[in-house]
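J.: Pasting a structure here, questions to come.
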Amino acid sequence: MERESELTATAAHSYAVSNMNQPFSDAQRRDFQRALLAWYRRDKRTLPWRDIDNPYAVLVSEVMLQQTQVATVIPYFERFLARFPTVESLASSPTDDVIHHWQGLGYYSRARNLQNAARAVVERFDGIIPRDVEQLLSLPGVGRYTAGAVSSVAYGEPAPILDGNVMRVLTRLFCIEGNPKSGKAHRALWEIAESLVPRESPGDFNVGLMELGALLCTPTKPSCGDCPVSTHCLARERYEVTQFPQLPPRPETVSVEDIAVIVWKDGRFLLTKRPVDKRWGGLWELPRVRRLEGESLEDAATRAPMQRCGVEVRVKEPFGAMRHAVTRYRIRLHGFVAEWVSGEASAVECEAVAWVESEGLEPYALSSPQRKLLKLAIEEADQARLFQ
DNA sequence: AAGCCGGGGAT
DNA sequence: ATCCCAGGCTT
């Protein structure tokens with residue numbers, strides 16, 4: 001039995017060299033599909049979006065899971081579905097409400113795109129999430145991966161998927177060289193994924209491939225001994241599993257400094273709303289600027305409220321600093337306390353402004369670093385009041 | 001084809 | 001600290 005599998009695997013690989021678009025024989029493919037499905041159905045995790053027969057919920061989960069880990073998504077998914085239970089409710093709700101339910105999850109254009117997709121579904125598809133990849137691709141925020149996932153998982157269509165997990169699994173199975181995210185290797189991977197997906201249970205098969213990548217075929221310490229398809233794996237046969245995928249070097253990180261200011265006036269502080277097409281679009285923040293070369297922190301703190309909303313302030317003291325990362329940028333964020341001096345706050349370099357009480361913050365969506373910084377600022381203000 | 005977008009968990 | 005993650009959009 002063991003020996004037969006080894007032979008099968010070897011045969012697959014000699015074939016793979018000549019025809020990478022269909023790297024398995026029919027018999028090998030069927031054996032692979034059977035082994036993966038059996039493993040997935042036995043060992044899969046229980047997750048809130050699994051086995052629920054609701055294409056809308058599948059779409060929401062897939063968008064939330066883009067570049068975001070399962071554990072992070074779970075509470076967001078549950079709150080989002082409770083608040084927007086149907087595609088119609090999402091389409092007709094205020095965008096600020098949708099962004100608010102996304103705060104802390106990152107990649108905020110996803111939230112805006114998802115609502116626009118819901119509106120397109122209501123207007124163009126009679127409120128039914130499309131079944132075909134082609135129609136799904138016409139929705140904003142839905143690319144080839146998400147379209148394939150919804151089509152196969154929600155409707156049982158034999159559409160392929162290719163995500164980071166599947167890239168890792170497939171490059172190892174067939175020793176695919178080159179950058180799997182672009183060019184020849186990328187195209188080859190899509191064709192392989194297409195050749196593997198079965199007519200029967202394509203959704204479980206696709207999710208099974210991802211689950212394999214998430215649980216066993218992991219980046220650094222793969223558990224090949226527990227892998228249900230290890231006999232099909234060329235990289236394992238060659239002891240080269242961790243040589244794949246061959247990802248390109250990351251761009252160098254850039255260090256920058258931002259200054260955010262809490263401007264107090266009559267017990268309220270100033271928030272500005274980010275433009276929709278910018279980073280953190282639609283979220284609120286303390287007026288913030290990037291520190292210029294040679295500029296002092298205090299000068300930047302004075303500049304921030306003036307530049308963003310035309311308010312002149314007197315900068316008092318720093319109240320804290322924190323680090324966070326945005327893609328390749330490592331940002332040091334400094335907080336300053338300031339008093340309002342003059343100027344009616346208006347949306348100069350932002351989408352909107354608001355004067356907010358400490359207790360009235362809840363309705364405003366903030367990014368995680370801004371939320372942490374603002375928490376420090378309010379604590380500091382409470383302390384200062386105690387000493388008066 | 002390459003650059004850009006956030007945040008958190010794992011190592 | 002660094003890597004990586006159920007990617008898609010813009011240029």
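Each chain in the structure tokens gets a letter, A, B, ..., in the order shown, and its residues are numbered from 1; ligands are numbered from 1 in order too.
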Any idea what's packed within 10 Å of DG9 in chain B, counting only C-alpha atoms (C1' of nucleotides), ignoring anything in its chain fewer than 3 positions away? Could you give it as a PyMOL selection string?
T.: (chain A and resi 69+71-72) or (chain C and resi 4-5)
J.: Can you spit out the residues from that selection as a short mmCIF file (atom, residue, chain, number, x, y, z; two decimals), in the first residue's frame, using all heavy atoms?
T.:
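New file selection-v6.cif:
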data_model
loop_
_atom_site.label_atom_id
_atom_site.label_comp_id
_atom_site.auth_asym_id
_atom_site.auth_seq_id
_atom_site.Cartn_x
_atom_site.Cartn_y
_atom_site.Cartn_z
N GLN A 69 -6.03 36.84 9.56
CA GLN A 69 -6.06 35.49 10.10
C GLN A 69 -7.42 35.14 10.70
O GLN A 69 -8.16 36.00 11.16
CB GLN A 69 -4.96 35.34 11.15
CG GLN A 69 -3.58 35.40 10.51
CD GLN A 69 -2.46 35.35 11.52
OE1 GLN A 69 -2.69 35.39 12.72
NE2 GLN A 69 -1.24 35.25 11.03
N ALA A 71 -8.40 33.70 13.46
CA ALA A 71 -8.71 34.04 14.85
C ALA A 71 -9.10 35.50 14.99
O ALA A 71 -9.94 35.86 15.82
CB ALA A 71 -7.50 33.73 15.73
N THR A 72 -8.50 36.36 14.16
CA THR A 72 -8.83 37.78 14.20
C THR A 72 -10.24 38.03 13.67
O THR A 72 -10.97 38.88 14.18
CB THR A 72 -7.82 38.58 13.36
OG1 THR A 72 -6.50 38.28 13.82
CG2 THR A 72 -8.07 40.07 13.47
P DC C 4 7.70 34.71 5.29
OP1 DC C 4 8.20 33.41 4.82
OP2 DC C 4 7.89 35.93 4.48
"O5'" DC C 4 6.15 34.57 5.59
"C5'" DC C 4 5.72 33.68 6.59
"C4'" DC C 4 4.28 34.00 6.93
"O4'" DC C 4 4.25 35.17 7.75
"C3'" DC C 4 3.44 34.31 5.70
"O3'" DC C 4 2.64 33.19 5.40
"C2'" DC C 4 2.61 35.53 6.10
"C1'" DC C 4 3.00 35.79 7.55
N1 DC C 4 3.15 37.23 7.87
C2 DC C 4 2.36 37.78 8.87
O2 DC C 4 1.54 37.07 9.46
N3 DC C 4 2.50 39.09 9.18
C4 DC C 4 3.39 39.83 8.53
N4 DC C 4 3.50 41.11 8.84
C5 DC C 4 4.21 39.28 7.50
C6 DC C 4 4.06 37.98 7.20
P DC C 5 1.63 33.24 4.14
OP1 DC C 5 1.55 31.88 3.61
OP2 DC C 5 1.95 34.37 3.27
"O5'" DC C 5 0.27 33.56 4.89
"C5'" DC C 5 -0.05 32.85 6.09
"C4'" DC C 5 -1.22 33.54 6.74
"O4'" DC C 5 -0.81 34.84 7.19
"C3'" DC C 5 -2.41 33.75 5.81
"O3'" DC C 5 -3.60 33.39 6.49
"C2'" DC C 5 -2.37 35.25 5.51
"C1'" DC C 5 -1.76 35.81 6.78
N1 DC C 5 -1.03 37.09 6.62
C2 DC C 5 -1.27 38.11 7.54
O2 DC C 5 -2.08 37.94 8.43
N3 DC C 5 -0.59 39.27 7.40
C4 DC C 5 0.30 39.41 6.41
N4 DC C 5 0.95 40.58 6.34
C5 DC C 5 0.56 38.38 5.47
C6 DC C 5 -0.13 37.23 5.61
#
J.: Excluding Leu215 in chain A and its own-chain neighbours fewer than 3 positions away, which residues fall within 12 Å of it when counting only C-alpha atoms (C1' of nucleotides)? Please give them as number ranges by chain.
T.: A: 39-40, 43-45, 70, 165, 169, 207-212, 218-224, 226-228
J.: Quick check for you: according to DSSP on this backbone, which residues of range 167-226 of chain A are classed as alpha helix (DSSP H)? Reply as a VMD selection string.
T.: chain A and resid 167 to 174 183 to 196 202 to 215
J.: Save out the residues we just selected, N, CA, C and O atoms, as a CSV table (one decimal), in the first residue's frame.
T.:
chain,number,residue,atom,x,y,z
A,167,MET,N,-1.1,28.5,-2.4
A,167,MET,CA,0.2,28.7,-3.1
A,167,MET,C,1.3,27.8,-2.4
A,167,MET,O,2.1,27.2,-3.0
A,168,ARG,N,1.3,27.9,-1.1
A,168,ARG,CA,2.3,27.1,-0.4
A,168,ARG,C,2.2,25.6,-0.6
A,168,ARG,O,3.2,24.9,-0.9
A,169,VAL,N,1.0,25.1,-0.5
A,169,VAL,CA,0.7,23.7,-0.7
A,169,VAL,C,1.1,23.3,-2.1
A,169,VAL,O,1.8,22.3,-2.3
A,170,LEU,N,0.7,24.0,-3.1
A,170,LEU,CA,0.9,23.6,-4.5
A,170,LEU,C,2.4,23.7,-4.9
A,170,LEU,O,2.9,22.9,-5.6
A,171,THR,N,3.0,24.8,-4.5
A,171,THR,CA,4.4,24.9,-4.9
A,171,THR,C,5.2,23.8,-4.3
A,171,THR,O,6.2,23.3,-4.9
A,172,ARG,N,4.8,23.3,-3.1
A,172,ARG,CA,5.5,22.2,-2.5
A,172,ARG,C,5.2,20.9,-3.2
A,172,ARG,O,6.1,20.0,-3.4
A,173,LEU,N,3.9,20.7,-3.5
A,173,LEU,CA,3.5,19.4,-4.1
A,173,LEU,C,4.3,19.2,-5.4
A,173,LEU,O,4.7,18.0,-5.7
A,174,PHE,N,4.5,20.3,-6.2
A,174,PHE,CA,5.0,20.1,-7.5
A,174,PHE,C,6.4,20.8,-7.7
A,174,PHE,O,6.8,21.0,-8.8
A,183,GLY,N,3.8,36.4,-12.6
A,183,GLY,CA,4.5,35.8,-13.7
A,183,GLY,C,4.1,34.4,-14.0
A,183,GLY,O,3.0,33.9,-13.7
A,184,LYS,N,5.1,33.6,-14.5
A,184,LYS,CA,4.9,32.3,-15.0
A,184,LYS,C,4.4,31.4,-13.9
A,184,LYS,O,3.4,30.6,-14.1
A,185,ALA,N,5.1,31.4,-12.7
A,185,ALA,CA,4.7,30.5,-11.6
A,185,ALA,C,3.3,30.8,-11.2
A,185,ALA,O,2.5,29.8,-10.9
A,186,HIS,N,2.9,32.1,-11.1
A,186,HIS,CA,1.5,32.4,-10.7
A,186,HIS,C,0.5,31.8,-11.7
A,186,HIS,O,-0.5,31.2,-11.3
A,187,ARG,N,0.8,32.0,-13.0
A,187,ARG,CA,-0.2,31.4,-14.0
A,187,ARG,C,-0.2,29.9,-13.9
A,187,ARG,O,-1.3,29.3,-14.0
A,188,ALA,N,0.9,29.3,-13.7
A,188,ALA,CA,1.0,27.8,-13.6
A,188,ALA,C,0.1,27.3,-12.4
A,188,ALA,O,-0.6,26.3,-12.5
A,189,LEU,N,0.2,28.1,-11.3
A,189,LEU,CA,-0.5,27.7,-10.1
A,189,LEU,C,-2.0,27.7,-10.3
A,189,LEU,O,-2.7,26.8,-9.8
A,190,TRP,N,-2.5,28.8,-11.0
A,190,TRP,CA,-3.9,28.9,-11.2
A,190,TRP,C,-4.3,27.7,-12.1
A,190,TRP,O,-5.4,27.1,-11.9
A,191,GLU,N,-3.5,27.3,-13.1
A,191,GLU,CA,-3.9,26.2,-13.9
A,191,GLU,C,-3.9,24.9,-13.2
A,191,GLU,O,-4.8,24.0,-13.4
A,192,ILE,N,-2.9,24.7,-12.3
A,192,ILE,CA,-2.9,23.5,-11.5
A,192,ILE,C,-4.2,23.4,-10.6
A,192,ILE,O,-4.8,22.4,-10.5
A,193,ALA,N,-4.4,24.6,-9.9
A,193,ALA,CA,-5.6,24.6,-9.0
A,193,ALA,C,-6.9,24.2,-9.8
A,193,ALA,O,-7.7,23.5,-9.3
A,194,GLU,N,-7.0,24.7,-11.1
A,194,GLU,CA,-8.1,24.4,-11.9
A,194,GLU,C,-8.2,22.9,-12.2
A,194,GLU,O,-9.2,22.3,-12.3
A,195,SER,N,-7.0,22.4,-12.5
A,195,SER,CA,-7.0,21.0,-12.9
A,195,SER,C,-7.3,20.0,-11.7
A,195,SER,O,-7.7,18.9,-11.9
A,196,LEU,N,-7.1,20.5,-10.5
A,196,LEU,CA,-7.3,19.6,-9.3
A,196,LEU,C,-8.7,19.7,-8.8
A,196,LEU,O,-9.2,18.7,-8.2
A,202,PRO,N,-16.5,20.6,-4.6
A,202,PRO,CA,-15.4,21.5,-4.9
A,202,PRO,C,-15.2,22.5,-3.7
A,202,PRO,O,-14.0,22.8,-3.5
A,203,GLY,N,-16.2,22.8,-3.0
A,203,GLY,CA,-16.1,23.8,-1.9
A,203,GLY,C,-15.2,23.1,-0.8
A,203,GLY,O,-14.3,23.7,-0.3
A,204,ASP,N,-15.6,21.9,-0.4
A,204,ASP,CA,-14.9,21.3,0.7
A,204,ASP,C,-13.4,21.0,0.2
A,204,ASP,O,-12.5,21.1,1.0
A,205,PHE,N,-13.3,20.7,-1.0
A,205,PHE,CA,-11.9,20.5,-1.6
A,205,PHE,C,-11.1,21.7,-1.5
A,205,PHE,O,-9.9,21.7,-1.0
A,206,ASN,N,-11.6,22.8,-2.0
A,206,ASN,CA,-10.9,24.1,-1.9
A,206,ASN,C,-10.5,24.5,-0.5
A,206,ASN,O,-9.4,24.9,-0.2
A,207,VAL,N,-11.5,24.5,0.4
A,207,VAL,CA,-11.3,24.8,1.8
A,207,VAL,C,-10.3,23.8,2.4
A,207,VAL,O,-9.5,24.2,3.2
A,208,GLY,N,-10.4,22.6,2.0
A,208,GLY,CA,-9.5,21.6,2.5
A,208,GLY,C,-8.0,21.9,2.2
A,208,GLY,O,-7.1,21.7,3.0
A,209,LEU,N,-7.8,22.4,0.9
A,209,LEU,CA,-6.5,22.8,0.5
A,209,LEU,C,-6.0,23.9,1.4
A,209,LEU,O,-4.8,23.9,1.9
A,210,MET,N,-6.8,24.9,1.7
A,210,MET,CA,-6.4,26.0,2.6
A,210,MET,C,-6.2,25.5,4.0
A,210,MET,O,-5.3,25.9,4.7
A,211,GLU,N,-7.1,24.7,4.4
A,211,GLU,CA,-7.0,24.1,5.8
A,211,GLU,C,-5.7,23.3,6.0
A,211,GLU,O,-5.0,23.4,7.0
A,212,LEU,N,-5.3,22.6,4.9
A,212,LEU,CA,-4.1,21.9,5.0
A,212,LEU,C,-2.9,22.9,5.1
A,212,LEU,O,-2.0,22.6,5.9
A,213,GLY,N,-2.9,24.0,4.4
A,213,GLY,CA,-1.9,25.0,4.5
A,213,GLY,C,-1.9,25.7,5.9
A,213,GLY,O,-0.8,26.0,6.4
A,214,ALA,N,-3.1,25.8,6.4
A,214,ALA,CA,-3.1,26.5,7.7
A,214,ALA,C,-2.7,25.6,8.9
A,214,ALA,O,-2.1,26.1,9.9
A,215,LEU,N,-3.0,24.3,8.8
A,215,LEU,CA,-2.8,23.4,9.9
A,215,LEU,C,-1.6,22.6,9.8
A,215,LEU,O,-0.9,22.3,10.8
J.: Using only C-alpha atoms (C1' of nucleotides), which protein or nucleic acid residues come within 10 Å of DC4 in chain B? Drop anything in the same chain fewer than 2 positions from it, and give the result as a ChimeraX atom specification.
T.: /A:279,327-328 /B:2 /C:9-10
J.: Go ahead and write the residues just picked, N, CA, C and O atoms (P, O5', C5', C4', C3', O3' and C1' of nucleotides), as a PDB file, in the first residue's frame.
T.:
ATOM      1  N   ARG A 279      -5.335  56.398   3.296  1.00  0.00           N
ATOM      2  CA  ARG A 279      -5.170  55.407   4.340  1.00  0.00           C
ATOM      3  C   ARG A 279      -6.181  55.646   5.461  1.00  0.00           C
ATOM      4  O   ARG A 279      -6.457  56.784   5.801  1.00  0.00           O
ATOM      5  N   THR A 327       2.108  48.281   6.493  1.00  0.00           N
ATOM      6  CA  THR A 327       2.847  47.652   5.399  1.00  0.00           C
ATOM      7  C   THR A 327       4.343  47.808   5.659  1.00  0.00           C
ATOM      8  O   THR A 327       4.844  47.290   6.621  1.00  0.00           O
ATOM      9  N   ARG A 328       5.057  48.539   4.796  1.00  0.00           N
ATOM     10  CA  ARG A 328       6.504  48.602   5.007  1.00  0.00           C
ATOM     11  C   ARG A 328       6.944  49.777   5.883  1.00  0.00           C
ATOM     12  O   ARG A 328       8.133  49.990   6.091  1.00  0.00           O
TER      13      ARG A 328
ATOM     14  P    DA B   2       7.639  43.066 -11.365  1.00  0.00           P
ATOM     15  O5'  DA B   2       7.204  44.389 -10.577  1.00  0.00           O
ATOM     16  C5'  DA B   2       7.393  45.654 -11.187  1.00  0.00           C
ATOM     17  C4'  DA B   2       6.843  46.739 -10.295  1.00  0.00           C
ATOM     18  C3'  DA B   2       7.138  46.533  -8.809  1.00  0.00           C
ATOM     19  O3'  DA B   2       7.463  47.788  -8.241  1.00  0.00           O
ATOM     20  C1'  DA B   2       4.808  46.710  -9.139  1.00  0.00           C
TER      21       DA B   2
ATOM     22  P    DC C   9     -10.878  44.496  -6.718  1.00  0.00           P
ATOM     23  O5'  DC C   9      -9.989  45.802  -6.575  1.00  0.00           O
ATOM     24  C5'  DC C   9     -10.075  46.562  -5.376  1.00  0.00           C
ATOM     25  C4'  DC C   9      -9.216  47.804  -5.503  1.00  0.00           C
ATOM     26  C3'  DC C   9      -9.348  48.516  -6.848  1.00  0.00           C
ATOM     27  O3'  DC C   9      -9.412  49.906  -6.608  1.00  0.00           O
ATOM     28  C1'  DC C   9      -7.084  47.925  -6.462  1.00  0.00           C
ATOM     29  P    DT C  10      -9.604  50.932  -7.827  1.00  0.00           P
ATOM     30  O5'  DT C  10      -8.133  51.530  -7.994  1.00  0.00           O
ATOM     31  C5'  DT C  10      -7.436  51.978  -6.836  1.00  0.00           C
ATOM     32  C4'  DT C  10      -6.058  52.480  -7.220  1.00  0.00           C
ATOM     33  C3'  DT C  10      -5.998  53.318  -8.508  1.00  0.00           C
ATOM     34  O3'  DT C  10      -5.191  54.454  -8.242  1.00  0.00           O
ATOM     35  C1'  DT C  10      -4.458  51.523  -8.635  1.00  0.00           C
TER      36       DT C  10
END
J.: Per DSSP on the backbone, filter range 159-344 of chain A down to the residues in strand (DSSP E or B) and report them as a VMD selection string.
T.: chain A and resid 254 to 265 268 to 273 284 to 285 288 to 290 312 to 326 329 to 342
J.: Could you please tell me, as a VMD selection string, which residues of chain B have an atom within 7 Å of chain A when using only C-alpha atoms (C1' of nucleotides)?
T.: chain B and resid 5 to 7
J.: Can you write out the residues you just picked, keeping N, CA and C atoms (P, O5', C5', C4', C3', O3' and C1' of nucleotides), as a PDB file, in the first residue's frame?
T.:
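Generated output (result-v4.pdb):
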ATOM      1  P    DC B   5      -0.161  53.126   1.339  1.00  0.00           P
ATOM      2  O5'  DC B   5      -1.269  52.121   1.858  1.00  0.00           O
ATOM      3  C5'  DC B   5      -2.629  52.475   1.666  1.00  0.00           C
ATOM      4  C4'  DC B   5      -3.496  51.284   1.919  1.00  0.00           C
ATOM      5  C3'  DC B   5      -3.565  50.881   3.401  1.00  0.00           C
ATOM      6  O3'  DC B   5      -4.921  50.656   3.712  1.00  0.00           O
ATOM      7  C1'  DC B   5      -3.093  49.023   2.079  1.00  0.00           C
ATOM      8  P    DG B   6      -5.380  51.004   5.134  1.00  0.00           P
ATOM      9  O5'  DG B   6      -4.515  49.919   5.909  1.00  0.00           O
ATOM     10  C5'  DG B   6      -3.920  50.215   7.107  1.00  0.00           C
ATOM     11  C4'  DG B   6      -4.567  49.373   8.182  1.00  0.00           C
ATOM     12  C3'  DG B   6      -3.914  49.553   9.549  1.00  0.00           C
ATOM     13  O3'  DG B   6      -4.926  49.279  10.485  1.00  0.00           O
ATOM     14  C1'  DG B   6      -3.479  47.379   8.745  1.00  0.00           C
ATOM     15  P    DG B   7      -4.855  49.753  11.899  1.00  0.00           P
ATOM     16  O5'  DG B   7      -4.715  48.401  12.710  1.00  0.00           O
ATOM     17  C5'  DG B   7      -5.712  47.419  12.541  1.00  0.00           C
ATOM     18  C4'  DG B   7      -5.128  46.077  12.795  1.00  0.00           C
ATOM     19  C3'  DG B   7      -4.309  45.968  14.089  1.00  0.00           C
ATOM     20  O3'  DG B   7      -5.125  45.307  15.025  1.00  0.00           O
ATOM     21  C1'  DG B   7      -3.395  44.697  12.281  1.00  0.00           C
TER      22       DG B   7
END
